[in-house]
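*Asks:* Provided herewith: run04.cif, mmCIF, C-alpha atoms.
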data_data
loop_
_atom_site.label_atom_id
_atom_site.label_comp_id
_atom_site.auth_asym_id
_atom_site.auth_seq_id
_atom_site.Cartn_x
_atom_site.Cartn_y
_atom_site.Cartn_z
CA MET A 42 74.89 74.70 92.71
CA GLU A 43 76.55 76.41 89.76
CA ALA A 44 74.34 79.46 90.26
CA ALA A 45 75.36 79.68 93.93
CA LYS A 46 79.00 79.38 92.96
CA SER A 47 78.70 82.12 90.40
CA ALA A 48 76.88 84.38 92.86
CA ALA A 49 79.66 83.80 95.41
CA ASN A 50 82.28 84.65 92.78
CA GLU A 51 80.47 87.82 91.88
CA GLU A 52 80.33 88.86 95.51
CA MET A 53 84.06 88.25 95.90
CA GLN A 54 84.77 90.40 92.86
CA GLU A 55 82.76 93.19 94.36
CA ASN A 56 84.50 92.92 97.73
CA LYS A 57 87.82 93.04 95.98
CA HIS A 58 86.95 96.42 94.56
CA THR A 59 86.05 97.82 97.95
CA ASP A 60 89.68 97.41 99.12
CA TYR A 61 90.15 100.94 97.84
CA ILE A 62 88.13 103.69 96.18
CA TYR A 63 89.34 106.63 94.16
CA MET A 64 88.11 110.01 93.07
CA VAL A 65 89.53 112.30 90.39
CA THR A 66 88.95 116.06 90.61
CA GLY A 67 90.75 118.07 87.92
CA ASP A 68 94.42 117.12 88.11
CA ARG A 69 94.03 115.61 91.58
CA LEU A 70 93.55 111.92 92.46
CA VAL A 71 92.45 110.87 95.93
CA ILE A 72 92.85 107.17 96.67
CA SER A 73 91.27 105.90 99.89
CA MET A 74 92.28 102.49 101.16
CA ASN A 75 89.83 100.25 103.02
CA ALA A 76 92.25 97.33 103.41
CA GLU A 77 95.73 97.17 104.92
CA LEU A 78 98.39 98.41 102.51
CA ASP A 79 100.68 95.43 101.98
CA HIS A 80 102.21 93.69 98.95
CA HIS A 81 98.81 92.21 98.02
CA LEU A 82 96.96 95.54 97.90
CA ALA A 83 99.94 97.44 96.45
CA ASP A 84 100.05 95.07 93.47
CA GLU A 85 96.32 95.46 93.00
CA MET A 86 96.41 99.27 93.04
CA ARG A 87 99.62 99.99 91.10
CA ASP A 88 98.34 99.62 87.53
CA VAL A 89 95.00 101.24 88.33
CA ILE A 90 96.71 104.35 89.75
CA ASP A 91 99.16 104.58 86.85
CA THR A 92 96.38 104.26 84.27
CA ILE A 93 94.38 107.03 85.94
CA ILE A 94 97.48 109.27 86.16
CA GLU A 95 98.13 108.81 82.45
CA GLU A 96 94.57 108.99 81.14
CA ARG A 97 93.30 111.83 83.30
CA GLY A 98 96.46 113.93 83.45
CA VAL A 99 96.75 113.65 87.22
CA ARG A 100 99.54 115.71 88.79
CA HIS A 101 98.70 115.51 92.49
CA LEU A 102 98.09 112.22 94.27
CA ILE A 103 96.62 112.00 97.78
CA PHE A 104 96.75 108.69 99.65
CA ASP A 105 94.00 108.61 102.27
CA PHE A 106 95.02 106.35 105.19
CA SER A 107 92.22 107.43 107.54
CA LYS A 108 90.39 104.10 107.38
CA ILE A 109 93.38 101.78 107.75
CA SER A 110 95.96 101.13 110.44
CA PHE A 111 98.66 99.12 108.71
CA MET A 112 101.26 99.59 105.99
CA ASP A 113 104.52 97.73 105.39
CA SER A 114 107.50 98.26 103.07
CA SER A 115 105.43 97.24 100.03
CA GLY A 116 103.34 100.38 100.64
CA ILE A 117 106.56 102.41 100.74
CA GLY A 118 107.53 100.89 97.38
CA LEU A 119 104.15 101.82 95.89
CA ILE A 120 104.32 105.43 97.11
CA MET A 121 107.98 105.84 96.05
CA GLY A 122 107.15 104.56 92.57
CA ARG A 123 104.34 107.13 92.16
CA TYR A 124 106.61 109.83 93.57
CA LYS A 125 109.13 109.13 90.82
CA LYS A 126 106.37 109.59 88.23
CA LEU A 127 104.92 112.80 89.63
CA GLN A 128 107.84 114.55 91.32
CA GLU A 129 108.69 116.91 88.43
CA ASN A 130 105.30 118.51 87.92
CA GLY A 131 103.22 117.37 90.86
CA SER A 132 103.14 116.08 94.40
CA ILE A 133 102.25 113.19 96.66
CA SER A 134 100.35 113.67 99.93
CA ILE A 135 99.66 111.20 102.72
CA ALA A 136 96.55 112.00 104.72
CA GLY A 137 95.21 110.61 107.99
CA ALA A 138 98.05 108.19 108.79
CA ASN A 139 97.94 106.77 112.33
CA ASP A 140 100.98 106.55 114.63
CA SER A 141 102.26 103.20 113.43
CA ILE A 142 102.01 104.18 109.75
CA GLN A 143 103.68 107.52 110.59
CA ARG A 144 106.54 105.54 112.14
CA ILE A 145 106.98 103.48 108.94
CA ILE A 146 106.99 106.72 106.92
CA LEU A 147 109.66 108.22 109.20
CA ILE A 148 111.94 105.17 109.30
CA SER A 149 111.81 104.84 105.50
CA GLY A 150 112.61 108.53 104.98
CA LEU A 151 109.45 108.96 102.91
CA HIS A 152 108.46 112.03 104.94
CA LYS A 153 111.19 113.96 103.11
CA LEU A 154 109.53 113.35 99.75
CA VAL A 155 105.81 113.57 100.45
CA HIS A 156 103.49 115.95 102.28
CA THR A 157 101.88 114.48 105.37
CA CYS A 158 98.54 116.00 106.37
CA LYS A 159 95.92 115.28 109.00
CA ASP A 160 93.17 114.66 106.45
CA VAL A 161 92.27 114.81 102.77
CA SER A 162 90.78 118.32 102.92
CA GLN A 163 93.98 119.72 104.40
CA ALA A 164 95.99 117.93 101.71
CA ALA A 165 93.74 119.45 99.05
CA LYS A 166 94.12 122.94 100.54
CA ASN A 167 97.91 122.58 100.53
CA ILE A 168 97.85 121.69 96.84
CA GLU A 169 95.71 124.77 96.01
CA LYS A 170 98.16 127.11 97.71
CA MET B 1359 119.48 75.32 122.59
CA GLU B 1360 116.02 76.87 122.65
CA MET B 1361 114.16 77.15 125.95
CA LYS B 1362 110.99 75.10 126.16
CA ALA B 1363 108.05 77.22 125.08
CA ASP B 1364 105.16 77.99 127.42
CA ASN B 1365 102.87 78.00 124.42
CA ALA B 1366 103.39 77.48 120.72
CA MET B 1367 101.55 77.37 117.42
CA GLU B 1368 102.33 76.48 113.86
CA VAL B 1369 100.48 77.11 110.60
CA ILE B 1370 101.32 76.15 107.03
CA PHE B 1371 99.73 78.13 104.24
CA ASP B 1372 100.02 78.74 100.49
CA ALA B 1373 102.54 81.35 99.34
CA LYS B 1374 99.85 83.69 98.03
CA SER B 1375 99.76 87.42 98.59
CA GLU B 1376 96.23 87.30 100.01
CA ASN B 1377 97.66 85.22 102.91
CA GLU B 1378 100.01 88.00 104.04
CA SER B 1379 97.30 89.60 106.18
CA PHE B 1380 96.26 86.18 107.56
CA ALA B 1381 99.84 85.50 108.66
CA ARG B 1382 100.47 88.81 110.43
CA VAL B 1383 97.06 88.90 112.13
CA THR B 1384 97.43 85.28 113.30
CA ALA B 1385 100.89 85.90 114.76
CA ALA B 1386 99.73 89.11 116.47
CA ALA B 1387 96.63 87.42 117.91
CA PHE B 1388 98.70 84.60 119.39
CA CYS B 1389 100.93 87.12 121.21
CA THR B 1390 98.08 89.01 122.88
CA ARG B 1391 98.19 86.80 126.01
CA LEU B 1392 101.49 88.52 126.89
CA ASP B 1393 99.58 91.81 127.14
CA PRO B 1394 101.56 93.72 124.50
CA THR B 1395 101.16 97.45 123.83
CA VAL B 1396 99.46 98.63 120.64
CA GLU B 1397 102.89 99.60 119.32
CA GLU B 1398 104.34 96.14 120.01
CA ILE B 1399 101.47 94.50 118.15
CA ALA B 1400 102.09 96.84 115.19
CA ASP B 1401 105.80 95.91 115.30
CA ILE B 1402 105.04 92.19 115.17
CA LYS B 1403 102.52 92.59 112.36
CA THR B 1404 105.03 94.57 110.29
CA ALA B 1405 107.90 92.13 110.87
CA VAL B 1406 105.78 89.07 110.00
CA SER B 1407 104.36 90.81 106.94
CA GLU B 1408 107.87 91.60 105.68
CA ALA B 1409 109.14 88.04 106.21
CA VAL B 1410 106.11 86.43 104.55
CA THR B 1411 106.19 88.88 101.62
CA ASN B 1412 109.88 88.05 101.10
CA SER B 1413 109.01 84.34 100.90
CA ILE B 1414 106.29 85.00 98.33
CA VAL B 1415 108.10 87.57 96.18
CA HIS B 1416 111.70 86.36 96.43
CA GLY B 1417 111.61 82.79 97.79
CA TYR B 1418 108.97 81.44 95.43
CA GLU B 1419 109.04 84.33 92.93
CA GLY B 1420 105.27 84.18 92.59
CA ILE B 1421 105.26 80.42 91.92
CA GLU B 1422 103.27 78.04 94.15
CA GLY B 1423 104.77 76.91 97.43
CA LYS B 1424 104.15 76.59 101.14
CA ILE B 1425 105.14 78.89 103.99
CA THR B 1426 105.40 77.76 107.60
CA LEU B 1427 104.81 80.27 110.38
CA LYS B 1428 105.72 79.24 113.93
CA VAL B 1429 105.16 81.43 116.96
CA SER B 1430 106.20 80.47 120.48
CA LEU B 1431 106.12 82.25 123.81
CA VAL B 1432 108.76 81.86 126.53
CA GLY B 1433 108.11 84.12 129.50
CA GLN B 1434 107.65 87.60 128.03
CA GLU B 1435 109.52 86.73 124.86
CA VAL B 1436 107.90 85.93 121.54
CA ARG B 1437 109.84 83.90 118.98
CA ILE B 1438 108.63 83.95 115.39
CA GLU B 1439 109.88 81.68 112.64
CA VAL B 1440 108.95 82.09 108.96
CA HIS B 1441 110.15 79.33 106.66
CA ASP B 1442 109.91 78.71 102.93
CA ASP B 1443 111.36 76.08 100.59
CA GLY B 1444 112.01 78.59 97.83
CA ILE B 1445 115.14 79.49 95.86
CA GLY B 1446 116.99 80.78 98.92
CA ILE B 1447 119.39 83.69 99.27
CA GLU B 1448 122.93 83.28 97.96
CA ASN B 1449 124.37 86.21 99.88
CA VAL B 1450 122.39 86.85 103.08
CA GLU B 1451 124.63 89.69 104.23
CA GLN B 1452 124.06 91.63 101.01
CA ALA B 1453 120.31 90.90 101.06
CA MET B 1454 120.13 92.44 104.52
CA GLU B 1455 121.74 95.73 103.49
CA PRO B 1456 119.25 98.61 103.69
CA LEU B 1457 117.69 99.48 100.31
CA TYR B 1458 119.28 96.47 98.60
CA THR B 1459 116.78 94.72 96.33
CA THR B 1460 116.98 92.26 93.47
CA LYS B 1461 113.57 93.34 92.19
CA PRO B 1462 113.53 97.12 91.70
CA GLU B 1463 111.26 96.62 88.65
CA GLN B 1464 108.58 95.33 91.03
CA GLU B 1465 109.09 98.43 93.20
CA ARG B 1466 110.46 96.43 96.09
CA SER B 1467 111.81 99.07 98.46
CA GLY B 1468 114.69 96.99 99.86
CA MET B 1469 113.52 97.76 103.39
CA GLY B 1470 112.08 94.40 104.41
CA PHE B 1471 114.98 93.15 106.52
CA SER B 1472 115.61 96.67 107.87
CA PHE B 1473 112.03 96.80 109.16
CA MET B 1474 112.34 93.33 110.72
CA GLU B 1475 115.54 94.47 112.45
CA ALA B 1476 114.04 97.79 113.54
CA PHE B 1477 110.83 96.36 114.97
CA MET B 1478 112.13 93.19 116.63
CA ASP B 1479 114.90 92.70 119.23
CA GLU B 1480 116.70 89.97 117.33
CA LEU B 1481 116.76 88.78 113.71
CA LYS B 1482 118.51 85.75 112.24
CA VAL B 1483 118.33 84.62 108.64
CA TYR B 1484 119.35 81.12 107.56
CA SER B 1485 119.49 80.55 103.82
CA GLY B 1486 121.54 79.36 100.90
CA LYS B 1487 121.11 78.96 97.17
CA ASN B 1488 118.28 76.49 96.43
CA SER B 1489 117.87 75.57 100.08
CA GLY B 1490 114.95 77.73 101.19
CA THR B 1491 114.99 80.46 103.81
CA THR B 1492 114.26 80.53 107.52
CA VAL B 1493 113.85 83.84 109.34
CA ILE B 1494 113.85 83.78 113.15
CA MET B 1495 112.86 86.88 115.09
CA LYS B 1496 112.55 87.51 118.82
CA LYS B 1497 111.03 90.29 120.85
CA ARG B 1498 110.24 90.90 124.51
CA ILE B 1499 106.73 92.31 124.82
CA GLY B 1500 104.23 93.33 127.48
CA VAL B 1501 107.00 94.23 129.90
CA GLU B 1502 105.80 97.80 130.51
CA ASN B 1503 102.37 96.66 131.66
#
Output the structure of this file as structure tokens.
*Replies:*
Amino acid sequence: MEAAKSAANEEMQENKHTDYIYMVTGDRLVISMNAELDHHLADEMRDVIDTIIEERGVRHLIFDFSKISFMDSSGIGLIMGRYKKLQENGSISIAGANDSIQRIILISGLHKLVHTCKDVSQAAKNIEK
Amino acid sequence: MEMKADNAMEVIFDAKSENESFARVTAAAFCTRLDPTVEEIADIKTAVSEAVTNSIVHGYEGIEGKITLKVSLVGQEVRIEVHDDGIGIENVEQAMEPLYTTKPEQERSGMGFSFMEAFMDELKVYSGKNSGTTVIMKKRIGVEN
């Protein structure tokens, strides 16, 4: 019984980590979400992103939305917060956002602060320019 | 006086952030019988998510509590009610101002009520200090189809 419980807990832990994955290349961090970007996921990702930015000297952050179809104002808060950190020497890009996420970005005015691109490779190319 | 609903549902759940997705997906699923567009479903999911997040972050301030979500359909109109028994809002008018937030340190964008207003046809907020908060939103959907 206990063993089954512990196995179930372990599985949950693992699932939790698949809500997003990240990759660091040089001074660039790509973070790909697999779960909808709301208050729950934003709180989970915030400290992880900030730690990576600090420890790895990240200047450019790319949010990959290609696998998800939902973001609310908590996502805006998360992106704005990272923008404030990186705006002086770096940039924030949003890649692969669908129509409804694009609408949230427009209404919030976030499009004036970040680069929106069709996918991660285009975002990466823009940074190299 | 509210019109009698053609169909209605009610769920009560814990004020935990992992229930935000449950709430918005449940509300959206219940509305599908009115044949909404993809955009209308996205609007409803966003509005419910904002209201429920407000209850968790501001109403209960991360402390345990219950949230009630009611959805009812009258003709082509959906009525959504999100209620909490949290600390309430002393000044509703100020809370509804775009970009106003009491929790900038938690990176709250202050756009929650603005999104609810933008994505629904009607928004009413009933609250007071220490008396919980009830958000009622209405939207006509599936009319184009």
*Asks:* What does the PyMOL selection byres ((chain B and resi 1385-1401) around 9) select in this file, as a PyMOL selection string?
*Replies:* (chain A and resi 110-111+140-141) or (chain B and resi 1366-1367+1380-1384+1402-1406+1427-1431+1433-1436+1438+1473-1474+1476-1478+1497+1499-1503)
*Asks:* Fewer than 6 positions away in the same chain doesn't count, so skip those; otherwise give me all residues within 7 Å of A:Ser132, counting only C-alpha atoms, as a list in words.
*Replies:*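 Close residues of A:Ser132: Arg100, His101 and Leu102 of chain A.
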*Asks:* Just want the 7 Å neighbourhood of B:Val1493, counted on all atoms listed in the file, with same-chain residues fewer than 4 positions away dropped. Output as a list in words.
*Replies:*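 My list of contacting residues is Glu1439, Val1440, His1441, Lys1482, Val1483 and Tyr1484 of chain B.
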*Asks:* Could you build a table of the residues in chain B lying no more than 8 Å from chain A, giving for each the nearest pair of atoms and their separation in Å rounded to one decimal place, using all atoms listed in the file, ordered by chain and ascending residue number, as a Markdown table?
*Replies:*
| residue | atom | partner | partner_atom | distance |
| --- | --- | --- | --- | --- |
| B:Ser1375 | CA | A:His81 | CA | 4.9 |
| B:Glu1376 | CA | A:His81 | CA | 5.9 |
| B:Glu1378 | CA | A:His81 | CA | 7.4 |
| B:Ser1379 | CA | A:Glu77 | CA | 7.8 |
| B:Glu1397 | CA | A:Ser141 | CA | 6.9 |
| B:Ala1400 | CA | A:Ser141 | CA | 6.6 |
| B:Thr1404 | CA | A:Asp113 | CA | 5.9 |
| B:Ser1407 | CA | A:Asp113 | CA | 7.1 |
| B:Glu1408 | CA | A:Asp113 | CA | 7.0 |
| B:Thr1411 | CA | A:His80 | CA | 6.8 |
| B:Glu1465 | CA | A:Gly118 | CA | 5.1 |
| B:Arg1466 | CA | A:Gly118 | CA | 5.5 |
| B:Ser1467 | CA | A:Gly118 | CA | 4.8 |
| B:Gly1468 | CA | A:Ser114 | CA | 8.0 |
| B:Met1469 | CA | A:Ser114 | CA | 6.0 |
| B:Gly1470 | CA | A:Ser114 | CA | 6.1 |
| B:Phe1473 | CA | A:Ser114 | CA | 7.7 |
*Asks:* Would you kindly translate the PyMOL selection byres ((chain A and resi 98) around 10) into the concrete residues it picks from this file, as a ChimeraX atom specification?
*Replies:* /A:65,67-70,92-97,99-101
*Asks:* Using Å and a single decimal, report how far atom CA of B:Ala1453 sits from atom CA of B:Gly1490.
*Replies:*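 Taking atom CA of B:Gly1490 and atom CA of B:Ala1453, their separation equals 14.2 Å.
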*Asks:* Within 7 Å of stretch 151-155 of chain A, counting all atoms listed in the file, which residues show up once you throw out same-chain ones fewer than 4 positions away? Write them as a PDB file with C-alpha atoms, in the coordinates of the input, please.
*Replies:*
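The file below, selection-v2.pdb, is the result:
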ATOM      1  CA  ILE A 133     102.250 113.190  96.660  1.00  0.00           C
ATOM      2  CA  SER A 134     100.350 113.670  99.930  1.00  0.00           C
ATOM      3  CA  ILE A 135      99.660 111.200 102.720  1.00  0.00           C
ATOM      4  CA  ILE A 146     106.990 106.720 106.920  1.00  0.00           C
ATOM      5  CA  LEU A 147     109.660 108.220 109.200  1.00  0.00           C
TER       6      LEU A 147
END
